[in-house]
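Student: Sending over query.cif (mmCIF, C-alpha atoms).
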```cif
data_entry
loop_
_atom_site.label_atom_id
_atom_site.label_comp_id
_atom_site.auth_asym_id
_atom_site.auth_seq_id
_atom_site.Cartn_x
_atom_site.Cartn_y
_atom_site.Cartn_z
CA MET A 338 -27.84 9.03 27.44
CA ALA A 339 -25.58 6.71 25.50
CA THR A 340 -26.59 3.10 25.59
CA THR A 341 -24.49 0.06 26.48
CA SER A 342 -26.52 -2.47 24.53
CA ILE A 343 -28.82 -2.49 21.53
CA THR A 344 -31.72 -4.62 20.43
CA VAL A 345 -31.43 -5.65 16.83
CA ARG A 346 -34.56 -5.82 14.71
CA GLU A 347 -33.73 -9.13 13.10
CA THR A 348 -34.93 -10.08 9.65
CA PRO A 349 -33.48 -13.17 7.94
CA LEU A 350 -31.09 -10.97 5.93
CA VAL A 351 -29.98 -8.89 8.95
CA ARG A 352 -29.37 -12.06 10.94
CA TYR A 353 -27.41 -13.57 8.08
CA LEU A 354 -25.27 -10.44 7.64
CA LEU A 355 -24.50 -10.24 11.36
CA ARG A 356 -23.51 -13.92 11.54
CA ARG A 357 -21.05 -13.57 8.66
CA ALA A 358 -19.74 -10.24 9.94
CA ASP A 359 -19.26 -11.75 13.42
CA ASP A 360 -17.08 -14.52 11.91
CA ALA A 361 -14.83 -11.96 10.27
CA LEU A 362 -14.67 -9.60 13.26
CA ILE A 363 -13.86 -12.29 15.84
CA LEU A 364 -11.23 -13.98 13.68
CA GLY A 365 -9.76 -10.58 12.79
CA HIS A 366 -9.56 -9.77 16.50
CA ARG A 367 -7.84 -13.09 17.23
CA LEU A 368 -5.20 -12.37 14.56
CA SER A 369 -4.64 -8.89 15.96
CA GLU A 370 -3.79 -10.49 19.32
CA TRP A 371 -0.53 -11.61 17.67
CA CYS A 372 0.67 -8.00 17.42
CA GLY A 373 3.93 -7.86 19.30
CA HIS A 374 4.08 -11.66 19.72
CA ALA A 375 4.60 -13.07 16.21
CA PRO A 376 7.63 -15.31 15.59
CA THR A 377 9.24 -12.98 13.03
CA MET A 378 8.85 -9.39 11.90
CA GLU A 379 7.49 -10.48 8.50
CA GLU A 380 4.90 -12.72 10.13
CA GLU A 381 3.90 -9.92 12.46
CA MET A 382 3.06 -7.87 9.36
CA ALA A 383 1.27 -10.78 7.70
CA LEU A 384 -0.95 -11.54 10.71
CA ALA A 385 -1.82 -7.87 11.18
CA ASN A 386 -2.58 -7.53 7.46
CA MET A 387 -4.86 -10.56 7.44
CA GLY A 388 -6.58 -9.32 10.58
CA LEU A 389 -7.14 -5.96 8.93
CA ASP A 390 -8.67 -7.61 5.85
CA LEU A 391 -11.10 -9.53 8.05
CA ILE A 392 -12.09 -6.50 10.13
CA GLY A 393 -12.62 -4.58 6.88
CA GLN A 394 -14.91 -7.32 5.61
CA ALA A 395 -16.80 -7.24 8.92
CA ARG A 396 -17.25 -3.47 8.58
CA SER A 397 -18.78 -3.79 5.11
CA LEU A 398 -21.21 -6.47 6.31
CA TYR A 399 -22.20 -4.60 9.50
CA THR A 400 -22.73 -1.39 7.53
CA TYR A 401 -25.02 -3.22 5.13
CA ALA A 402 -26.84 -4.88 8.06
CA ALA A 403 -27.47 -1.40 9.53
CA GLU A 404 -28.87 -0.23 6.21
CA VAL A 405 -31.18 -3.25 5.87
CA GLU A 406 -32.29 -3.05 9.51
CA GLY A 407 -33.13 0.66 9.19
CA GLU A 408 -33.09 1.38 12.95
CA GLY A 409 -30.33 3.97 12.83
CA HIS A 410 -27.60 1.63 14.08
CA CYS A 411 -24.08 1.74 12.69
CA GLU A 412 -21.27 -0.78 12.26
CA ASP A 413 -19.77 0.08 15.65
CA ASP A 414 -23.08 -0.54 17.47
CA PHE A 415 -23.16 -4.14 16.22
CA ALA A 416 -19.54 -4.74 17.22
CA TYR A 417 -19.53 -3.00 20.60
CA LEU A 418 -23.06 -3.11 21.94
CA ARG A 419 -24.15 -6.72 21.61
CA GLY A 420 -23.55 -9.37 24.24
CA GLU A 421 -22.12 -12.84 23.82
CA ARG A 422 -25.45 -14.53 23.18
CA SER A 423 -26.26 -12.10 20.37
CA TYR A 424 -23.05 -12.95 18.58
CA GLY A 425 -23.58 -15.68 15.98
CA ASN A 426 -20.02 -16.42 14.90
CA LEU A 427 -18.62 -19.89 14.32
CA LEU A 428 -17.08 -21.59 17.36
CA LEU A 429 -13.98 -22.13 15.18
CA VAL A 430 -13.07 -18.45 14.94
CA GLU A 431 -13.32 -17.73 18.67
CA GLN A 432 -10.90 -20.54 19.60
CA PRO A 433 -7.74 -19.12 21.21
CA ASN A 434 -4.62 -18.60 19.13
CA GLY A 435 -2.65 -21.38 20.83
CA ASP A 436 0.77 -21.81 19.27
CA PHE A 437 1.64 -20.56 15.79
CA ALA A 438 0.65 -23.90 14.20
CA ARG A 439 -2.82 -23.70 15.74
CA THR A 440 -3.34 -20.16 14.48
CA MET A 441 -2.28 -21.17 10.97
CA ALA A 442 -4.44 -24.30 10.99
CA ARG A 443 -7.46 -22.28 12.16
CA GLN A 444 -6.85 -19.69 9.45
CA LEU A 445 -6.42 -22.32 6.76
CA VAL A 446 -9.64 -24.24 7.51
CA TYR A 447 -11.60 -20.98 7.63
CA SER A 448 -10.00 -19.41 4.53
CA ALA A 449 -10.28 -22.61 2.48
CA PHE A 450 -14.04 -22.39 3.09
CA ILE A 451 -14.64 -18.65 2.88
CA HIS A 452 -12.66 -18.12 -0.32
CA PRO A 453 -14.92 -20.31 -2.51
CA TYR A 454 -17.90 -19.03 -0.46
CA TRP A 455 -17.18 -15.40 -1.41
CA ARG A 456 -16.68 -16.45 -5.01
CA ALA A 457 -20.09 -18.13 -5.02
CA LEU A 458 -21.67 -15.11 -3.30
CA MET A 459 -20.40 -12.85 -6.10
CA ALA A 460 -23.22 -14.30 -8.20
CA SER A 461 -25.86 -13.06 -5.71
CA PRO A 462 -28.65 -10.95 -7.23
CA ASP A 463 -28.22 -8.69 -4.17
CA ALA A 464 -25.82 -6.08 -5.60
CA THR A 465 -24.34 -5.08 -2.23
CA LEU A 466 -23.65 -8.67 -1.18
CA SER A 467 -22.09 -9.37 -4.54
CA ALA A 468 -19.87 -6.26 -4.27
CA ILE A 469 -18.72 -7.14 -0.73
CA ALA A 470 -17.92 -10.67 -1.90
CA ALA A 471 -15.96 -9.42 -4.92
CA LYS A 472 -13.64 -7.43 -2.65
CA ALA A 473 -13.32 -10.12 0.00
CA GLU A 474 -12.60 -13.06 -2.27
CA LYS A 475 -9.29 -11.65 -3.47
CA GLU A 476 -8.18 -10.92 0.08
CA SER A 477 -9.15 -14.43 1.19
CA ALA A 478 -7.24 -15.95 -1.73
CA TYR A 479 -4.05 -14.47 -0.31
CA HIS A 480 -4.92 -15.87 3.13
CA VAL A 481 -5.38 -19.40 1.77
CA ARG A 482 -2.04 -19.25 0.04
CA HIS A 483 -0.18 -17.83 3.02
CA CYS A 484 -1.57 -20.29 5.58
CA ALA A 485 -1.15 -23.25 3.24
CA GLU A 486 2.52 -22.40 2.77
CA TRP A 487 3.04 -22.18 6.52
CA LEU A 488 1.19 -25.37 7.35
CA ILE A 489 3.22 -27.24 4.71
CA ARG A 490 6.44 -25.83 6.13
CA LEU A 491 5.45 -26.78 9.69
CA GLY A 492 4.05 -30.22 8.88
CA ASP A 493 6.93 -31.14 6.62
CA GLY A 494 9.46 -29.60 8.98
CA THR A 495 11.08 -30.91 12.15
CA ARG A 496 9.67 -33.67 14.33
CA GLU A 497 8.54 -31.01 16.82
CA SER A 498 6.85 -28.74 14.25
CA HIS A 499 5.19 -31.77 12.61
CA ALA A 500 3.78 -32.99 15.92
CA ARG A 501 2.48 -29.56 16.85
CA ALA A 502 0.92 -28.98 13.42
CA GLN A 503 -0.83 -32.37 13.61
CA ALA A 504 -2.05 -31.62 17.12
CA ALA A 505 -3.40 -28.26 15.91
CA VAL A 506 -5.35 -29.82 13.04
CA ASP A 507 -6.71 -32.58 15.28
CA HIS A 508 -7.73 -30.07 17.95
CA LEU A 509 -9.58 -27.77 15.55
CA TRP A 510 -11.21 -30.45 13.40
CA PRO A 511 -14.39 -30.81 15.55
CA PHE A 512 -15.06 -27.10 14.91
CA THR A 513 -15.10 -27.42 11.11
CA GLY A 514 -18.54 -29.04 10.82
CA GLU A 515 -20.23 -25.75 11.67
CA LEU A 516 -18.80 -24.13 8.53
CA PHE A 517 -21.37 -25.96 6.43
CA GLU A 518 -24.43 -25.34 8.57
CA ALA A 519 -27.22 -22.94 7.73
CA ASP A 520 -29.98 -21.99 10.17
CA ALA A 521 -33.62 -21.64 9.11
CA ASP A 522 -33.19 -17.97 8.15
CA GLU A 523 -30.18 -18.68 6.02
CA LYS A 524 -31.88 -21.67 4.41
CA GLY A 525 -34.66 -19.31 3.36
CA LEU A 526 -32.14 -17.00 1.70
CA VAL A 527 -30.52 -20.02 0.04
CA ALA A 528 -33.92 -21.13 -1.30
CA GLU A 529 -34.50 -17.64 -2.71
CA GLY A 530 -31.13 -17.82 -4.45
CA VAL A 531 -29.75 -14.80 -2.55
CA VAL A 532 -26.86 -16.64 -0.89
CA PRO A 533 -25.06 -19.91 -1.64
CA ASP A 534 -25.71 -23.05 0.39
CA PRO A 535 -22.59 -23.51 2.55
CA GLU A 536 -22.99 -27.26 2.21
CA SER A 537 -22.35 -26.90 -1.54
CA LEU A 538 -18.82 -25.67 -0.75
CA ARG A 539 -17.85 -28.78 1.21
CA GLY A 540 -16.21 -30.45 -1.80
CA ALA A 541 -14.08 -27.42 -2.69
CA TRP A 542 -13.10 -26.99 0.97
CA MET A 543 -12.15 -30.64 1.41
CA GLN A 544 -10.12 -30.57 -1.78
CA THR A 545 -8.02 -27.59 -0.60
CA VAL A 546 -7.60 -28.84 2.95
CA SER A 547 -6.72 -32.42 2.00
CA ALA A 548 -4.24 -31.29 -0.67
CA VAL A 549 -2.48 -29.01 1.82
CA LEU A 550 -2.43 -31.65 4.56
CA ALA A 551 -1.08 -34.26 2.15
CA GLU A 552 1.75 -31.98 1.09
CA ALA A 553 2.39 -31.15 4.73
CA THR A 554 2.64 -34.92 5.51
CA LEU A 555 -0.19 -34.43 8.01
CA ALA A 556 -3.02 -36.90 8.49
CA LEU A 557 -6.59 -35.88 7.71
CA PRO A 558 -8.52 -36.39 10.97
CA PRO A 559 -11.42 -38.85 10.86
CA ASN A 560 -14.89 -37.35 10.68
CA GLY A 561 -16.13 -37.69 14.21
CA TRP A 562 -18.17 -35.60 16.63
CA MET A 563 -18.66 -32.02 15.47
CA GLN A 564 -19.22 -29.08 17.83
CA LYS A 565 -22.00 -26.63 17.13
CA GLY A 566 -23.99 -23.83 18.69
CA GLY A 567 -22.12 -20.68 17.68
CA ARG A 568 -24.73 -19.62 15.12
CA GLU A 569 -27.42 -19.73 17.84
CA GLY A 570 -25.31 -17.77 20.32
CA ARG A 571 -24.18 -20.78 22.38
CA HIS A 572 -20.48 -20.17 22.59
CA SER A 573 -17.40 -21.76 24.09
CA GLU A 574 -15.89 -20.20 27.22
CA HIS A 575 -13.50 -18.21 25.01
CA LEU A 576 -15.83 -15.65 23.45
CA GLY A 577 -16.77 -13.81 26.64
CA PRO A 578 -13.19 -12.78 27.56
CA LEU A 579 -12.54 -11.78 23.93
CA LEU A 580 -15.61 -9.50 23.88
CA THR A 581 -14.67 -8.08 27.27
CA GLU A 582 -11.46 -6.83 25.74
CA LEU A 583 -12.97 -5.78 22.41
CA GLN A 584 -15.86 -3.86 24.01
CA TYR A 585 -14.08 -2.51 27.07
CA LEU A 586 -13.88 1.13 26.02
CA GLN A 587 -17.49 1.45 24.85
CA ARG A 588 -18.81 -0.26 27.96
CA THR A 589 -16.69 1.82 30.32
CA PHE A 590 -17.30 5.13 28.56
CA PRO A 591 -20.61 4.70 26.70
CA GLY A 592 -20.77 6.80 23.56
CA ALA A 593 -17.04 7.59 23.61
CA THR A 594 -15.66 8.66 20.24
CA TRP A 595 -12.19 9.59 19.06
CA MET B 491 -36.01 23.93 -14.99
CA VAL B 492 -32.26 24.07 -15.52
CA THR B 493 -31.08 26.97 -17.63
CA GLY B 494 -28.17 26.75 -20.06
CA ALA B 495 -25.99 28.91 -17.84
CA ALA B 496 -26.73 26.85 -14.72
CA LEU B 497 -25.95 23.67 -16.61
CA SER B 498 -22.59 24.93 -17.76
CA ASP B 499 -21.85 26.22 -14.24
CA ALA B 500 -22.57 22.75 -12.91
CA ALA B 501 -20.32 21.19 -15.55
CA ALA B 502 -17.51 23.62 -14.74
CA LEU B 503 -17.98 23.01 -11.00
CA ARG B 504 -17.87 19.27 -11.54
CA GLU B 505 -14.68 19.53 -13.57
CA GLU B 506 -12.99 21.70 -10.97
CA ALA B 507 -14.15 19.48 -8.08
CA TRP B 508 -12.87 16.42 -9.97
CA ARG B 509 -9.46 18.05 -10.43
CA VAL B 510 -9.19 19.08 -6.77
CA ALA B 511 -10.45 15.75 -5.36
CA GLY B 512 -8.36 13.73 -7.81
CA ALA B 513 -5.19 15.46 -6.61
CA VAL B 514 -5.62 14.14 -3.04
CA VAL B 515 -2.80 11.68 -2.37
CA ASP B 516 -2.82 8.26 -0.80
CA PRO B 517 -1.41 8.87 2.72
CA GLU B 518 0.49 5.56 2.57
CA ILE B 519 1.97 6.10 -0.91
CA PRO B 520 2.20 9.88 -1.22
CA VAL B 521 3.41 9.84 -4.83
CA LEU B 522 0.06 8.46 -5.96
CA SER B 523 -3.05 10.60 -6.21
CA ILE B 524 -6.46 9.00 -5.84
CA ALA B 525 -6.98 9.74 -9.55
CA ASP B 526 -3.82 7.72 -10.36
CA LEU B 527 -5.06 4.86 -8.18
CA GLY B 528 -8.53 4.80 -9.67
CA VAL B 529 -10.02 5.32 -6.20
CA LEU B 530 -11.90 8.43 -7.37
CA ARG B 531 -14.97 7.08 -9.13
CA ASP B 532 -17.29 9.99 -9.75
CA VAL B 533 -18.15 13.56 -8.88
CA THR B 534 -21.77 14.64 -8.99
CA ILE B 535 -23.33 18.05 -8.49
CA SER B 536 -26.80 18.40 -7.13
CA ASP B 537 -28.23 21.80 -6.17
CA GLY B 538 -24.73 23.24 -6.33
CA ARG B 539 -23.50 20.70 -3.77
CA VAL B 540 -20.60 18.43 -4.56
CA GLU B 541 -20.68 14.70 -3.91
CA VAL B 542 -17.46 12.75 -4.40
CA VAL B 543 -17.70 9.00 -4.96
CA ILE B 544 -14.73 6.84 -4.02
CA THR B 545 -14.08 3.11 -3.84
CA PRO B 546 -11.85 1.30 -1.33
CA THR B 547 -8.80 -0.54 -2.61
CA TYR B 548 -9.08 -3.18 0.14
CA SER B 549 -11.96 -3.89 2.56
CA GLY B 550 -9.82 -2.96 5.54
CA CYS B 551 -7.68 -0.24 3.97
CA PRO B 552 -7.05 2.20 6.85
CA ALA B 553 -6.23 4.97 4.38
CA MET B 554 -9.84 5.30 3.23
CA ASN B 555 -11.08 7.36 6.20
CA MET B 556 -8.07 9.62 5.84
CA ILE B 557 -8.67 10.00 2.10
CA ALA B 558 -12.34 10.94 2.65
CA LEU B 559 -11.28 13.59 5.17
CA GLU B 560 -8.57 14.92 2.85
CA ILE B 561 -11.12 15.26 0.04
CA GLU B 562 -13.42 17.30 2.26
CA LEU B 563 -10.53 19.53 3.33
CA ALA B 564 -9.20 20.00 -0.21
CA LEU B 565 -12.58 20.95 -1.64
CA ASP B 566 -13.30 23.22 1.28
CA LYS B 567 -9.96 24.97 0.81
CA ALA B 568 -10.71 25.41 -2.89
CA GLY B 569 -13.99 27.07 -1.92
CA LEU B 570 -16.08 24.22 -3.30
CA GLY B 571 -17.40 22.87 0.01
CA PRO B 572 -19.34 21.68 1.88
CA VAL B 573 -18.94 18.32 0.25
CA SER B 574 -20.15 14.79 0.92
CA VAL B 575 -18.03 11.75 0.26
CA LYS B 576 -19.73 8.50 -0.62
CA THR B 577 -18.07 5.09 -0.74
CA VAL B 578 -19.18 2.51 -3.29
CA LEU B 579 -18.05 -1.10 -3.50
CA SER B 580 -19.13 -2.01 -7.00
CA PRO B 581 -17.45 -2.55 -9.35
CA ALA B 582 -14.71 -3.83 -7.05
CA TRP B 583 -11.43 -1.99 -7.31
CA THR B 584 -8.57 -3.89 -8.90
CA THR B 585 -4.99 -2.90 -9.63
CA ASP B 586 -6.06 -2.68 -13.30
CA PHE B 587 -7.70 0.65 -12.36
CA MET B 588 -4.28 2.19 -11.81
CA SER B 589 -3.29 4.61 -14.53
CA GLU B 590 -0.12 4.28 -16.65
CA ASP B 591 1.06 7.50 -15.07
CA GLY B 592 0.46 5.98 -11.64
CA ARG B 593 2.49 2.87 -12.50
CA ARG B 594 5.40 5.01 -13.69
CA LYS B 595 5.28 7.18 -10.55
CA LEU B 596 5.28 4.07 -8.35
CA LYS B 597 8.35 2.67 -10.09
CA ASP B 598 10.20 5.99 -9.85
CA TYR B 599 9.35 6.00 -6.14
CA GLY B 600 10.99 2.57 -5.72
CA ILE B 601 7.86 0.41 -5.56
CA ALA B 602 7.44 -2.24 -8.25
CA PRO B 603 4.07 -1.62 -9.95
CA PRO B 604 1.46 -4.42 -10.04
CA ALA B 605 1.69 -7.03 -12.77
CA LYS B 606 -0.49 -5.84 -15.60
CA THR B 607 -3.57 -8.01 -15.30
CA ALA B 608 -5.17 -8.85 -11.99
CA GLY B 609 -6.19 -12.35 -12.99
CA ARG B 610 -6.19 -15.71 -11.25
CA ARG B 611 -2.83 -16.63 -12.75
CA ALA B 612 -1.18 -13.54 -11.39
CA LEU B 613 -2.49 -14.45 -7.94
CA PHE B 614 -1.42 -18.08 -7.80
CA GLY B 615 1.11 -18.55 -10.56
CA VAL B 616 4.78 -17.71 -10.33
CA GLU B 617 5.09 -13.96 -10.48
CA VAL B 618 7.95 -12.22 -12.21
CA VAL B 619 8.58 -8.88 -10.57
CA GLU B 620 11.17 -6.50 -11.91
CA CYS B 621 13.44 -4.72 -9.47
CA PRO B 622 12.46 -1.03 -9.51
CA GLN B 623 16.08 -0.08 -8.78
CA CYS B 624 18.07 -1.95 -11.43
CA GLY B 625 15.39 -3.55 -13.62
CA SER B 626 16.57 -7.13 -13.05
CA SER B 627 13.99 -9.92 -13.11
CA ASP B 628 16.12 -12.03 -10.79
CA THR B 629 14.04 -11.21 -7.72
CA VAL B 630 12.58 -13.20 -4.84
CA GLU B 631 9.63 -12.67 -2.51
CA ILE B 632 10.65 -12.29 1.14
CA ALA B 633 7.19 -11.77 2.65
CA PRO B 634 3.76 -11.81 0.97
CA PHE B 635 2.40 -9.15 3.34
CA GLY B 636 4.41 -5.95 3.45
CA SER B 637 4.32 -2.65 5.28
CA THR B 638 0.75 -2.06 4.07
CA SER B 639 -1.88 -4.55 2.92
CA CYS B 640 -1.41 -3.57 -0.73
CA LYS B 641 2.29 -4.44 -0.80
CA SER B 642 4.58 -7.43 -0.46
CA LEU B 643 8.29 -7.39 0.34
CA TRP B 644 10.81 -8.55 -2.27
CA GLN B 645 14.55 -8.59 -2.74
CA CYS B 646 16.61 -8.25 -5.91
CA ARG B 647 19.31 -10.89 -6.31
CA ALA B 648 21.23 -8.75 -8.80
CA CYS B 649 21.61 -5.49 -6.86
CA ARG B 650 20.73 -7.03 -3.45
CA GLU B 651 18.29 -4.21 -2.65
CA PRO B 652 15.04 -5.07 -0.88
CA PHE B 653 11.96 -3.40 -2.37
CA ASP B 654 8.17 -3.20 -2.06
CA TYR B 655 5.90 -4.69 -4.71
CA PHE B 656 2.37 -3.34 -5.14
CA LYS B 657 0.50 -6.64 -5.17
CA CYS B 658 -1.66 -7.58 -8.06
CA HIS B 659 -5.21 -7.47 -6.71
#
```
Just dump the structure as structure tokens.

Tutor:
Amino acid sequence: MATTSITVRETPLVRYLLRRADDALILGHRLSEWCGHAPTMEEEMALANMGLDLIGQARSLYTYAAEVEGEGHCEDDFAYLRGERSYGNLLLVEQPNGDFARTMARQLVYSAFIHPYWRALMASPDATLSAIAAKAEKESAYHVRHCAEWLIRLGDGTRESHARAQAAVDHLWPFTGELFEADADEKGLVAEGVVPDPESLRGAWMQTVSAVLAEATLALPPNGWMQKGGREGRHSEHLGPLLTELQYLQRTFPGATW
Amino acid sequence: MVTGAALSDAAALREEAWRVAGAVVDPEIPVLSIADLGVLRDVTISDGRVEVVITPTYSGCPAMNMIALEIELALDKAGLGPVSVKTVLSPAWTTDFMSEDGRRKLKDYGIAPPAKTAGRRALFGVEVVECPQCGSSDTVEIAPFGSTSCKSLWQCRACREPFDYFKCH
């Protein structure tokens, strides 16, 4: 009998891999929601391409998590057969697409963090992590550039596009604090030198984001209250509906394959 | 104990399997074989069984599953199956793995080949891409993400033709 949910045997490394994979999967899914809705044909291709990169990165991380866990699970099990509370993605990546400015702002603040993060992870003594990071960092570099160009164009554009770009940045800002958090498991891996401390990337992130915002004539929001909880499975109201769509087929027809 | 004859059989089998697997084409760019692309990494023989090692070009490249299936079919057809296909991530694929022959074939097909070295500068500096139709360097990028994740869309200002550029990666 095919199952509709799995129990993950969590070790610090498995937990870490799932958290990072969840970020990529959920954000990749959000970008794929633009299919058929993007403002231009070229942007339709760009959003789908970026989404595909992210889902590819998620697959590599889930596959490695399955190998480390050693319970016979596969990448699809982690994506389709875990509930909302088992997902440990950042609250940032599950936020709805909103208008085009909000999607670009969300992608920029994530990519500006994850690009230097992957670069730092390339130095990991864990050969698989280092290999995944080496592939992902180049893809993320293209994402940073693309979103930066758009945010500059929108911010430094018409009065309407400027106002909407500023509103997007202001709206998403409280979700950026979580980028730099590490839970106890991840801190252990940081202490062992297996993964970089996300906090150590704050300077590089701020430099990219503030340079882009300055060129876009957008104001850097003040550092105020920051949302958190995603890493522990406490999500905003937006993740449930997203998973409902993403997992629909497997939950309706357990064990279905192509 | 491996005898001399068995060893040479294995070497011949490996060579033949390499040739057959290497000839499998990229379903998205059918003028390029996986040998041209540098996607075929290794072929190993163990107990007369062939294992083909490939590496993905991009994390999310949808062609990889298709390529793995095509390898199995090609080797099976050549009477060398059953075969297993293994994917490795390290060292990470870059456009530098593409053969000279592959670059030439791409250009003849109408796709501008990747700039020679996949370095930081190529990624963020100003790229000069030659039009594969007329050879002019007076070209402009229309969209950084093209019909597949490995390509961007450009246009030539001299001959006005739009063309794909295989992104430096």

Student: With 7 Å as the cut-off and only C-alpha atoms counted, what is the closest atom pair between each nearby residue of chain B and chain A? Distances in Å to one decimal, ordered by chain and number, as CSV.

Tutor:
```
residue,atom,partner,partner_atom,distance
B:Tyr548,CA,A:Lys472,CA,6.8
B:Ser549,CA,A:Gly393,CA,4.4
B:Gly550,CA,A:Gly393,CA,3.5
B:Leu579,CA,A:Ala468,CA,5.5
B:Ser580,CA,A:Ala468,CA,5.1
B:Pro581,CA,A:Ala468,CA,6.7
B:Ala582,CA,A:Lys472,CA,5.8
B:Ala633,CA,A:Glu379,CA,6.0
B:Phe635,CA,A:Ala383,CA,4.8
B:Gly636,CA,A:Met382,CA,6.4
B:Ser637,CA,A:Met382,CA,6.7
B:Ser639,CA,A:Asn386,CA,5.5
B:His659,CA,A:Lys475,CA,6.7
```

Student: Using only C-alpha atoms, which residues sit within 6 Å of range 416-421 of chain A once same-chain residues fewer than 6 positions away are excluded, as a count of residues only?

Tutor: 4

Student: When you look at Ala505 in chain A with a cut-off of 10 Å (counting all atoms listed in the file), what residues show up, excluding the ones that are within fewer than 5 positions of it in the same chain? I need them as a PyMOL selection string.

Tutor: chain A and resi 435-443+499-500+510

Student: For the point (-13.6, 11.9, -9.4) in the file's frame, write as a PDB file with C-alpha atoms, keeping the file's coordinate frame all residues with an atom no more than 12 Å away, counting all atoms listed in the file.

Tutor:
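Done, and the output landed in part-v1.pdb:
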```
ATOM      1  CA  ARG B 504     -17.870  19.270 -11.540  1.00  0.00           C
ATOM      2  CA  GLU B 505     -14.680  19.530 -13.570  1.00  0.00           C
ATOM      3  CA  GLU B 506     -12.990  21.700 -10.970  1.00  0.00           C
ATOM      4  CA  ALA B 507     -14.150  19.480  -8.080  1.00  0.00           C
ATOM      5  CA  TRP B 508     -12.870  16.420  -9.970  1.00  0.00           C
ATOM      6  CA  ARG B 509      -9.460  18.050 -10.430  1.00  0.00           C
ATOM      7  CA  VAL B 510      -9.190  19.080  -6.770  1.00  0.00           C
ATOM      8  CA  ALA B 511     -10.450  15.750  -5.360  1.00  0.00           C
ATOM      9  CA  GLY B 512      -8.360  13.730  -7.810  1.00  0.00           C
ATOM     10  CA  ALA B 513      -5.190  15.460  -6.610  1.00  0.00           C
ATOM     11  CA  VAL B 514      -5.620  14.140  -3.040  1.00  0.00           C
ATOM     12  CA  SER B 523      -3.050  10.600  -6.210  1.00  0.00           C
ATOM     13  CA  ILE B 524      -6.460   9.000  -5.840  1.00  0.00           C
ATOM     14  CA  ALA B 525      -6.980   9.740  -9.550  1.00  0.00           C
ATOM     15  CA  ASP B 526      -3.820   7.720 -10.360  1.00  0.00           C
ATOM     16  CA  LEU B 527      -5.060   4.860  -8.180  1.00  0.00           C
ATOM     17  CA  GLY B 528      -8.530   4.800  -9.670  1.00  0.00           C
ATOM     18  CA  VAL B 529     -10.020   5.320  -6.200  1.00  0.00           C
ATOM     19  CA  LEU B 530     -11.900   8.430  -7.370  1.00  0.00           C
ATOM     20  CA  ARG B 531     -14.970   7.080  -9.130  1.00  0.00           C
ATOM     21  CA  ASP B 532     -17.290   9.990  -9.750  1.00  0.00           C
ATOM     22  CA  VAL B 533     -18.150  13.560  -8.880  1.00  0.00           C
ATOM     23  CA  THR B 534     -21.770  14.640  -8.990  1.00  0.00           C
ATOM     24  CA  ILE B 535     -23.330  18.050  -8.490  1.00  0.00           C
ATOM     25  CA  VAL B 540     -20.600  18.430  -4.560  1.00  0.00           C
ATOM     26  CA  GLU B 541     -20.680  14.700  -3.910  1.00  0.00           C
ATOM     27  CA  VAL B 542     -17.460  12.750  -4.400  1.00  0.00           C
ATOM     28  CA  VAL B 543     -17.700   9.000  -4.960  1.00  0.00           C
ATOM     29  CA  ILE B 544     -14.730   6.840  -4.020  1.00  0.00           C
ATOM     30  CA  THR B 545     -14.080   3.110  -3.840  1.00  0.00           C
ATOM     31  CA  ILE B 561     -11.120  15.260   0.040  1.00  0.00           C
ATOM     32  CA  LEU B 565     -12.580  20.950  -1.640  1.00  0.00           C
ATOM     33  CA  VAL B 575     -18.030  11.750   0.260  1.00  0.00           C
ATOM     34  CA  LYS B 576     -19.730   8.500  -0.620  1.00  0.00           C
ATOM     35  CA  THR B 577     -18.070   5.090  -0.740  1.00  0.00           C
TER      36      THR B 577
END
```

Student: Quick one: pull the distance between CA of Leu550 in chain A and CA of Arg496 in chain A, Å, one decimal.

Tutor: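 CA of Leu550 in chain A sits 15.7 Å away from CA of Arg496 in chain A.
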
Student: Run the PyMOL selection byres ((chain A and resi 538) around 10) against the file shown and list the residues it catches, as a short mmCIF file (atom, residue, chain, number, x, y, z; two decimals) with C-alpha atoms, in the coordinates of the input.

Tutor:
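What follows is the written file selection_33.cif:
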```cif
data_model
loop_
_atom_site.label_atom_id
_atom_site.label_comp_id
_atom_site.auth_asym_id
_atom_site.auth_seq_id
_atom_site.Cartn_x
_atom_site.Cartn_y
_atom_site.Cartn_z
CA ALA A 449 -10.28 -22.61 2.48
CA PHE A 450 -14.04 -22.39 3.09
CA ILE A 451 -14.64 -18.65 2.88
CA HIS A 452 -12.66 -18.12 -0.32
CA PRO A 453 -14.92 -20.31 -2.51
CA TYR A 454 -17.90 -19.03 -0.46
CA ALA A 457 -20.09 -18.13 -5.02
CA LEU A 516 -18.80 -24.13 8.53
CA PHE A 517 -21.37 -25.96 6.43
CA PRO A 533 -25.06 -19.91 -1.64
CA ASP A 534 -25.71 -23.05 0.39
CA PRO A 535 -22.59 -23.51 2.55
CA GLU A 536 -22.99 -27.26 2.21
CA SER A 537 -22.35 -26.90 -1.54
CA ARG A 539 -17.85 -28.78 1.21
CA GLY A 540 -16.21 -30.45 -1.80
CA ALA A 541 -14.08 -27.42 -2.69
CA TRP A 542 -13.10 -26.99 0.97
CA MET A 543 -12.15 -30.64 1.41
#
```

Student: Which residues, named as in the file, does the PyMOL selection byres ((chain B and resi 654) around 9) pick out? Answer as a list in words.

Tutor: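 This file gives the following for the PyMOL selection byres ((chain B and resi 654) around 9): Gly600, Ile601, Ala602, Pro622, Gly636, Ser637, Lys641, Ser642, Leu643, Trp644, Gln645, Pro652, Phe653, Tyr655, Phe656 and Lys657 of chain B.
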